[in-house]
$ cat structure_17.txt   # compact mmCIF, C-alpha atoms
# COMPACT_ATOMS: atom_id res chain seq x y z
CA MET A 1 0.00 0.00 0.00
CA ASP A 2 2.92 2.34 0.74
CA ASP A 3 4.28 1.66 -2.76
CA VAL A 4 0.90 2.45 -4.33
CA ALA A 5 0.64 5.65 -2.28
CA LYS A 6 4.14 6.74 -3.31
CA LEU A 7 3.47 6.10 -7.02
CA ALA A 8 0.09 7.84 -6.90
CA ASN A 9 1.52 10.67 -4.78
CA VAL A 10 -1.13 10.29 -2.05
CA HIS A 11 -1.23 9.26 1.60
CA PRO A 12 -1.58 5.49 2.34
CA ALA A 13 -4.88 6.23 4.08
CA THR A 14 -6.18 7.63 0.79
CA VAL A 15 -5.24 4.40 -0.94
CA SER A 16 -7.15 2.47 1.72
CA ARG A 17 -10.25 4.59 1.18
CA ALA A 18 -9.96 4.32 -2.60
CA LEU A 19 -9.78 0.52 -2.50
CA ASN A 20 -12.77 0.15 -0.19
CA VAL A 21 -16.12 0.23 -2.02
CA ARG A 22 -17.80 1.67 1.07
CA THR A 23 -15.42 4.67 1.31
CA GLN A 24 -14.61 5.38 -2.35
CA ASN A 25 -17.08 8.27 -2.34
CA LYS A 26 -14.72 10.12 0.02
CA VAL A 27 -12.03 10.22 -2.67
CA SER A 28 -12.15 12.56 -5.67
CA ARG A 29 -12.52 10.99 -9.11
CA GLU A 30 -9.09 12.25 -10.22
CA THR A 31 -7.40 10.81 -7.12
CA LEU A 32 -9.29 7.53 -7.45
CA GLU A 33 -8.16 7.14 -11.07
CA ARG A 34 -4.56 7.91 -10.07
CA VAL A 35 -4.65 5.29 -7.32
CA MET A 36 -6.19 2.69 -9.63
CA ARG A 37 -3.51 3.30 -12.25
CA ALA A 38 -0.83 2.77 -9.60
CA VAL A 39 -2.57 -0.40 -8.38
CA GLU A 40 -2.64 -1.78 -11.91
CA GLU A 41 0.97 -0.83 -12.63
CA LEU A 42 2.24 -2.45 -9.43
CA ASP A 43 -0.22 -5.40 -9.64
CA TYR A 44 -1.16 -4.66 -6.03
CA ARG A 45 -3.60 -6.93 -4.15
CA PRO A 46 -4.93 -5.83 -0.74
CA ASN A 47 -4.25 -8.17 2.20
CA THR A 48 -7.83 -8.86 3.24
CA MET A 49 -6.78 -10.81 6.34
CA ALA A 50 -4.67 -7.92 7.61
CA ARG A 51 -7.49 -5.50 6.84
CA SER A 52 -10.01 -7.57 8.77
CA LEU A 53 -7.69 -7.78 11.79
CA ALA A 54 -7.21 -4.02 11.75
CA SER A 55 -10.89 -3.17 11.30
CA ALA A 56 -12.48 -6.09 13.21
CA ARG A 57 -14.54 -6.63 10.05
CA SER A 58 -14.08 -9.47 7.57
CA SER A 59 -16.28 -7.96 4.82
CA THR A 60 -17.91 -11.38 4.41
CA ILE A 61 -21.55 -12.40 4.77
CA GLY A 62 -22.50 -16.00 5.54
CA VAL A 63 -25.49 -17.35 3.59
CA VAL A 64 -27.17 -20.42 5.09
CA ILE A 65 -29.08 -22.44 2.46
CA GLY A 66 -31.25 -25.46 3.28
CA ASP A 67 -30.83 -27.33 -0.01
CA LEU A 68 -28.81 -26.02 -2.95
CA ALA A 69 -30.53 -28.56 -5.22
CA VAL A 70 -33.74 -26.49 -5.00
CA PRO A 71 -33.64 -24.21 -8.07
CA LEU A 72 -35.06 -21.08 -6.44
CA PHE A 73 -31.97 -20.72 -4.23
CA ALA A 74 -29.75 -20.15 -7.26
CA HIS A 75 -31.64 -16.93 -8.05
CA MET A 76 -31.55 -15.81 -4.42
CA ILE A 77 -27.80 -16.40 -4.21
CA ARG A 78 -27.26 -14.44 -7.42
CA GLY A 79 -29.18 -11.51 -5.94
CA ILE A 80 -27.24 -11.69 -2.67
CA ASP A 81 -23.90 -11.93 -4.45
CA ASP A 82 -24.63 -9.02 -6.80
CA ALA A 83 -25.72 -6.76 -3.94
CA THR A 84 -22.96 -7.73 -1.49
CA SER A 85 -20.26 -7.44 -4.15
CA ALA A 86 -21.43 -3.93 -5.03
CA ALA A 87 -21.12 -3.02 -1.36
CA GLY A 88 -17.61 -4.46 -1.00
CA TYR A 89 -18.59 -7.70 0.73
CA THR A 90 -18.10 -11.34 -0.21
CA ALA A 91 -20.84 -13.95 0.26
CA LEU A 92 -19.83 -17.31 1.79
CA ILE A 93 -22.51 -19.91 1.01
CA VAL A 94 -23.09 -23.06 3.05
CA ASN A 95 -25.54 -25.86 2.29
CA THR A 96 -27.11 -27.63 5.28
CA ASP A 97 -29.18 -30.25 3.44
CA ASN A 98 -31.79 -29.38 6.10
CA ASP A 99 -29.73 -31.33 8.62
CA ILE A 100 -29.28 -29.65 12.00
CA GLU A 101 -25.91 -31.25 12.78
CA ARG A 102 -24.51 -30.28 9.40
CA GLU A 103 -25.87 -26.78 9.96
CA ARG A 104 -24.09 -26.53 13.31
CA ARG A 105 -20.80 -27.54 11.74
CA HIS A 106 -21.18 -24.90 9.05
CA LEU A 107 -22.09 -22.25 11.62
CA HIS A 108 -18.93 -23.10 13.56
CA THR A 109 -16.88 -22.63 10.37
CA LEU A 110 -18.58 -19.30 9.60
CA GLU A 111 -17.90 -18.14 13.14
CA GLU A 112 -14.22 -19.06 12.77
CA ARG A 113 -14.11 -17.04 9.56
CA ARG A 114 -15.54 -14.09 11.49
CA VAL A 115 -18.38 -13.36 9.09
CA ASP A 116 -19.91 -9.95 9.68
CA GLY A 117 -23.50 -11.15 9.22
CA LEU A 118 -25.72 -14.11 8.37
CA ILE A 119 -28.50 -14.32 5.79
CA VAL A 120 -30.54 -17.36 6.81
CA THR A 121 -33.07 -19.26 4.66
CA THR A 122 -33.61 -22.15 7.08
CA SER A 123 -35.37 -20.38 9.97
CA THR A 124 -38.42 -22.14 11.39
CA LEU A 125 -41.19 -21.13 13.77
CA ASN A 126 -40.95 -22.29 17.40
CA ASP A 127 -37.44 -23.54 16.69
CA THR A 128 -36.61 -26.28 19.21
CA ASP A 129 -33.01 -26.65 17.97
CA ASP A 130 -31.47 -23.68 19.82
CA PRO A 131 -33.10 -20.68 18.11
CA HIS A 132 -30.16 -18.42 19.07
CA ARG A 133 -27.52 -20.45 17.25
CA PHE A 134 -27.48 -17.98 14.34
CA SER A 135 -27.39 -14.73 16.33
CA ARG A 136 -24.50 -16.04 18.43
CA VAL A 137 -22.40 -16.14 15.26
CA ALA A 138 -23.32 -12.75 13.77
CA PRO A 139 -26.25 -10.36 13.16
CA VAL A 140 -29.05 -12.11 11.25
CA VAL A 141 -31.45 -11.36 8.41
CA ASN A 142 -34.04 -14.00 7.53
CA LEU A 143 -34.75 -14.68 3.86
CA LEU A 144 -37.76 -16.54 2.43
CA ARG A 145 -38.84 -17.79 5.86
CA SER A 146 -39.60 -16.10 9.16
CA SER A 147 -38.44 -17.15 12.63
CA GLY A 148 -41.28 -15.20 14.22
CA ASP A 149 -38.77 -13.05 16.13
CA PRO A 150 -39.66 -9.33 15.71
CA GLN A 151 -36.05 -8.42 16.52
CA VAL A 152 -34.84 -10.10 13.31
CA GLY A 153 -35.37 -8.43 9.94
CA GLN A 154 -36.83 -10.55 7.17
CA VAL A 155 -37.50 -10.60 3.44
CA ILE A 156 -40.49 -12.72 2.41
CA SER A 157 -43.01 -12.94 -0.43
CA ASN A 158 -46.66 -11.91 -0.21
CA ASP A 159 -48.18 -15.37 0.15
CA ALA A 160 -51.64 -14.03 0.94
CA MET A 161 -51.62 -12.29 -2.45
CA GLY A 162 -50.41 -15.44 -4.19
CA MET A 163 -53.06 -17.73 -2.72
CA THR A 164 -55.80 -15.18 -3.42
CA GLN A 165 -54.79 -15.07 -7.08
CA ILE A 166 -54.78 -18.88 -7.27
CA ILE A 167 -58.23 -19.30 -5.72
CA ASP A 168 -59.72 -16.47 -7.80
CA HIS A 169 -58.35 -18.08 -10.97
CA LEU A 170 -59.74 -21.52 -10.11
CA LEU A 171 -63.13 -20.10 -9.13
CA GLU A 172 -63.35 -18.32 -12.49
CA LEU A 173 -62.84 -21.72 -14.13
CA GLY A 174 -65.77 -23.13 -12.15
CA HIS A 175 -63.88 -25.01 -9.44
CA ARG A 176 -65.37 -25.21 -5.96
CA ARG A 177 -63.74 -28.36 -4.57
CA ILE A 178 -60.20 -27.01 -4.33
CA ALA A 179 -57.68 -29.09 -2.39
CA LEU A 180 -54.44 -27.86 -0.81
CA VAL A 181 -51.23 -29.78 -0.19
CA ALA A 182 -49.99 -27.69 2.74
CA GLY A 183 -46.33 -27.51 3.76
CA PRO A 184 -44.86 -28.49 7.16
CA PRO A 185 -46.45 -26.39 9.94
CA GLN A 186 -43.09 -25.27 11.39
CA VAL A 187 -42.32 -23.44 8.13
CA SER A 188 -43.65 -19.86 8.05
CA THR A 189 -44.44 -19.96 4.33
CA SER A 190 -46.61 -23.04 4.92
CA LEU A 191 -48.76 -21.23 7.47
CA ALA A 192 -48.93 -18.07 5.36
CA ARG A 193 -50.12 -19.99 2.29
CA LEU A 194 -52.58 -22.08 4.34
CA ARG A 195 -53.95 -18.88 5.86
CA GLY A 196 -54.18 -17.30 2.41
CA TYR A 197 -56.04 -20.35 1.06
CA ARG A 198 -58.54 -20.31 3.93
CA ASN A 199 -59.17 -16.57 3.68
CA ALA A 200 -59.62 -16.64 -0.09
CA MET A 201 -62.07 -19.53 0.11
CA MET A 202 -64.13 -17.89 2.87
CA GLU A 203 -64.13 -14.49 1.13
CA ASN A 204 -65.77 -16.23 -1.82
CA GLY A 205 -68.43 -17.82 0.38
CA LEU A 206 -66.98 -21.34 0.36
CA ASP A 207 -66.80 -23.51 3.46
CA ILE A 208 -63.42 -24.94 4.47
CA ASP A 209 -63.48 -28.71 4.09
CA GLN A 210 -60.64 -30.13 6.19
CA ASN A 211 -60.72 -33.30 4.05
CA LEU A 212 -59.39 -31.20 1.16
CA ILE A 213 -56.29 -30.11 3.13
CA VAL A 214 -53.35 -32.52 3.40
CA THR A 215 -50.27 -31.46 5.39
CA ILE A 216 -46.91 -32.93 4.40
CA ASP A 217 -43.98 -33.69 6.72
CA HIS A 218 -41.21 -32.33 4.54
CA ILE A 219 -40.87 -30.68 1.15
CA ASP A 220 -40.18 -32.96 -1.82
CA THR A 221 -41.87 -34.65 -4.77
CA ALA A 222 -42.42 -37.91 -2.85
CA GLN A 223 -44.55 -36.07 -0.30
CA GLY A 224 -46.47 -34.49 -3.17
CA ARG A 225 -47.23 -37.92 -4.62
CA LYS A 226 -48.34 -39.26 -1.24
CA ALA A 227 -50.65 -36.30 -0.65
CA ALA A 228 -52.11 -36.57 -4.16
CA ALA A 229 -52.80 -40.27 -3.67
CA HIS A 230 -54.78 -39.48 -0.53
CA LEU A 231 -56.77 -36.74 -2.25
CA LEU A 232 -57.50 -38.85 -5.34
CA ASP A 233 -58.61 -41.82 -3.23
CA ASN A 234 -60.69 -39.96 -0.65
CA THR A 235 -62.05 -36.70 -2.08
CA ASP A 236 -63.90 -35.26 -5.05
CA ALA A 237 -61.39 -32.43 -5.54
CA THR A 238 -61.49 -30.87 -9.01
CA ALA A 239 -58.31 -28.85 -8.43
CA ILE A 240 -55.18 -29.36 -6.32
CA VAL A 241 -52.88 -26.54 -5.15
CA GLY A 242 -49.36 -27.57 -4.12
CA PHE A 243 -47.28 -25.88 -1.39
CA ASN A 244 -44.53 -25.26 -3.95
CA ASP A 245 -43.57 -26.40 -7.43
CA MET A 246 -41.47 -29.36 -6.28
CA VAL A 247 -44.35 -30.75 -4.26
CA THR A 248 -46.72 -30.06 -7.16
CA PHE A 249 -44.51 -32.00 -9.57
CA GLY A 250 -45.11 -34.96 -7.24
CA VAL A 251 -48.86 -34.40 -7.52
CA MET A 252 -48.57 -34.49 -11.32
CA GLN A 253 -46.47 -37.68 -11.17
CA GLU A 254 -49.14 -39.45 -9.12
CA MET A 255 -51.86 -38.32 -11.52
CA ARG A 256 -49.91 -39.68 -14.51
CA ALA A 257 -49.34 -42.97 -12.70
CA ARG A 258 -53.12 -43.30 -12.31
CA GLY A 259 -53.95 -42.28 -15.86
CA ARG A 260 -55.45 -38.98 -14.75
CA GLU A 261 -54.87 -36.12 -17.15
CA CYS A 262 -54.21 -32.53 -16.20
CA PRO A 263 -56.21 -30.34 -16.58
CA ARG A 264 -58.81 -32.57 -18.26
CA ASP A 265 -59.54 -34.50 -15.08
CA ILE A 266 -58.06 -32.27 -12.37
CA SER A 267 -56.47 -28.82 -12.50
CA VAL A 268 -53.16 -28.33 -10.71
CA VAL A 269 -51.41 -25.18 -9.48
CA GLY A 270 -47.93 -24.77 -8.01
CA TYR A 271 -46.08 -22.00 -6.20
CA SER A 272 -42.64 -20.41 -6.82
CA ASP A 273 -42.30 -20.68 -10.62
CA VAL A 274 -39.00 -22.55 -10.72
CA PRO A 275 -37.43 -22.83 -14.22
CA ALA A 276 -38.76 -26.38 -14.71
CA ALA A 277 -42.36 -25.17 -14.27
CA GLU A 278 -42.62 -24.08 -17.90
CA LEU A 279 -40.65 -27.10 -19.17
CA VAL A 280 -42.80 -29.92 -17.76
CA ALA A 281 -45.66 -31.24 -19.85
CA PRO A 282 -48.20 -29.85 -19.42
CA ALA A 283 -46.57 -26.56 -18.38
CA LEU A 284 -47.40 -25.71 -14.77
CA THR A 285 -49.67 -22.86 -13.74
CA THR A 286 -47.94 -21.36 -10.72
CA VAL A 287 -47.27 -18.23 -8.68
CA ALA A 288 -44.10 -16.42 -9.72
CA VAL A 289 -41.87 -15.18 -6.90
CA ASN A 290 -38.94 -12.87 -7.71
CA HIS A 291 -36.29 -14.78 -5.81
CA TYR A 292 -33.46 -12.71 -7.27
CA GLU A 293 -35.00 -9.50 -5.93
CA MET A 294 -35.58 -11.19 -2.56
CA GLY A 295 -31.85 -11.94 -2.41
CA VAL A 296 -31.00 -8.34 -3.29
CA GLU A 297 -33.34 -6.98 -0.62
CA ALA A 298 -31.94 -9.32 2.05
CA ALA A 299 -28.40 -8.20 1.20
CA LYS A 300 -29.41 -4.52 1.34
CA MET A 301 -31.05 -5.09 4.71
CA MET A 302 -27.85 -6.69 5.96
CA MET A 303 -25.79 -3.75 4.69
CA ASP A 304 -28.06 -1.37 6.63
CA LEU A 305 -27.69 -3.49 9.74
CA LEU A 306 -23.88 -3.52 9.52
CA ASP A 307 -23.19 -0.02 8.24
CA LYS A 308 -25.85 1.88 10.22
CA PRO A 309 -26.30 -0.13 13.43
CA ASP A 310 -27.46 2.87 15.47
CA SER A 311 -30.33 3.71 13.13
CA TYR A 312 -31.20 0.17 12.00
CA VAL A 313 -34.70 -1.01 12.92
CA PRO A 314 -35.67 -4.64 12.15
CA ARG A 315 -38.44 -4.73 9.58
CA SER A 316 -40.32 -7.13 7.34
CA VAL A 317 -40.07 -6.61 3.58
CA GLU A 318 -42.84 -8.41 1.69
CA LEU A 319 -42.35 -8.63 -2.08
CA PRO A 320 -45.33 -8.91 -4.46
CA VAL A 321 -46.03 -12.05 -6.50
CA HIS A 322 -48.15 -12.83 -9.55
CA LEU A 323 -49.93 -15.83 -11.02
CA VAL A 324 -48.56 -17.29 -14.25
CA VAL A 325 -51.32 -19.21 -16.05
CA ARG A 326 -50.06 -22.05 -18.24
CA GLU A 327 -51.50 -25.44 -19.20
CA THR A 328 -52.37 -27.27 -15.96
CA THR A 329 -55.57 -25.36 -15.18
CA GLY A 330 -58.85 -25.52 -17.04
CA THR A 331 -62.59 -25.59 -16.54
CA VAL A 332 -64.13 -28.25 -14.32
CA ALA A 333 -64.34 -31.53 -16.22
CA PRO A 334 -67.77 -33.18 -16.63
CA ALA A 335 -67.94 -36.10 -14.22
CA GLY A 336 -68.72 -38.50 -17.03
CA ILE A 337 -65.29 -38.27 -18.65
CA ARG A 338 -63.31 -38.96 -15.52
CA PRO A 339 -61.70 -42.41 -15.45
CA VAL A 340 -63.06 -44.81 -12.87
CA GLN A 341 -60.51 -45.64 -10.18
$ encode --input "structure_17.txt" --output "structure tokens"
Amino acid sequence: MDDVAKLANVHPATVSRALNVRTQNKVSRETLERVMRAVEELDYRPNTMARSLASARSSTIGVVIGDLAVPLFAHMIRGIDDATSAAGYTALIVNTDNDIERERRHLHTLEERRVDGLIVTTSTLNDTDDPHRFSRVAPVVNLLRSSGDPQVGQVISNDAMGMTQIIDHLLELGHRRIALVAGPPQVSTSLARLRGYRNAMMENGLDIDQNLIVTIDHIDTAQGRKAAAHLLDNTDATAIVGFNDMVTFGVMQEMRARGRECPRDISVVGYSDVPAAELVAPALTTVAVNHYEMGVEAAKMMMDLLDKPDSYVPRSVELPVHLVVRETTGTVAPAGIRPVQ
């Protein structure tokens, strides 16, 4: 840094400010260009470890993901990485596979690396597995899911809006027996979507039939198939709404296995709009969630928390969603053309 300062004819502290995204605005454009030319000429690379020791900041944000195989997380991570990079931070991503012991090991590693903050996608309601394990590592922002703690900021989607749009769409097509494959009750998005389903049905004058609601234990296609089997065997549902697209793909698999066509026999709706939703046949009607923007907002919230701790107030940011109508929804099929089970 001294060499860069000497070549650029500035003080070393000016070089430090010029190389830090968060303080570059304190350096004039002409000085910044002079420093950058010196950096390039000398092929200088800042010692980030030394900088973190001096400032007690690592300029890294830990991102805790439940399952990297789920497509929506790729868009969230891109949003987080774009926003943190622009602010001079680096995102460190860990995958827990929704396993608490693996999560603890990763949290220990993130703590050793002295991350400045944590963006967490695995929070659950009434967490029985030490709910303070995240905040002991670093300040926390919840993404996608809520922990129910008002002292923790969160970025979520407007699930009430999404379920209202789904029910309104199905009612317009003539459906009245609308089933829901609800997610695990400890997951905040499950409760929000269940609440949205109930409210939308009641607002349209329809009674809630508990037989049309099946709650799954965990989130995967196998659970979707199991729930669909129960609904097909025991109810007269004309439409099935899945907790998310992965679960809904399981519903569609079970229907195909039974020779039931969608939407001829039963309409199906998902939630999330993962890339595969428009690639499956028939293409899935689903609620689109802007996961990239959710990642950006979570990163911005974290930057506010870290850079303005005295004025930071935890808040809930709820992003809008919209229904994407494709091929899996149609008018109620006449009973006569449904195959006999």
$ atom_distance --input "structure_17.txt" --atom1 "atom CA of A:Glu101" --atom2 "atom CA of A:Leu191"
25.5 Å
$ atom_distance --input "structure_17.txt" --atom1 "atom CA of A:Gln165" --atom2 "atom CA of A:Gln210"
20.9 Å
$ closest_residue --input "structure_17.txt" --among "A:His169, A:Asp97, A:Thr215, A:Asn158" --to "A:Gly196" --atoms "only C-alpha atoms"
A:Asn158
$ closest_atom_pairs --input "structure_17.txt" --of "stretch 59-135 of chain A" --to "stretch 32-48 of chain A" --cutoff "12 Å" --atoms "all atoms listed in the file" --output "CSV"
residue,atom,partner,partner_atom,distance
A:Ser59,CA,A:Thr48,CA,8.6
A:Thr60,CA,A:Thr48,CA,10.5
A:Gly88,CA,A:Thr48,CA,11.5
A:Tyr89,CA,A:Thr48,CA,11.1
A:Thr90,CA,A:Thr48,CA,11.1
$ atom_distance --input "structure_17.txt" --atom1 "atom CA of A:Ser16" --atom2 "atom CA of A:Gly295"
28.9 Å
$ closest_residue --input "structure_17.txt" --among "A:Arg136, A:His75, A:Arg105, A:Arg145" --to "A:Thr124" --atoms "all atoms listed in the file"
A:Arg145
$ residues_around --input "structure_17.txt" --residues "stretch 111-121 of chain A" --least-positions-apart "3" --cutoff "9 Å" --atoms "only C-alpha atoms" --output "ChimeraX atom specification"
/A:52,56-66,80,92,106-108,134-146,298-299,302-303,305-306
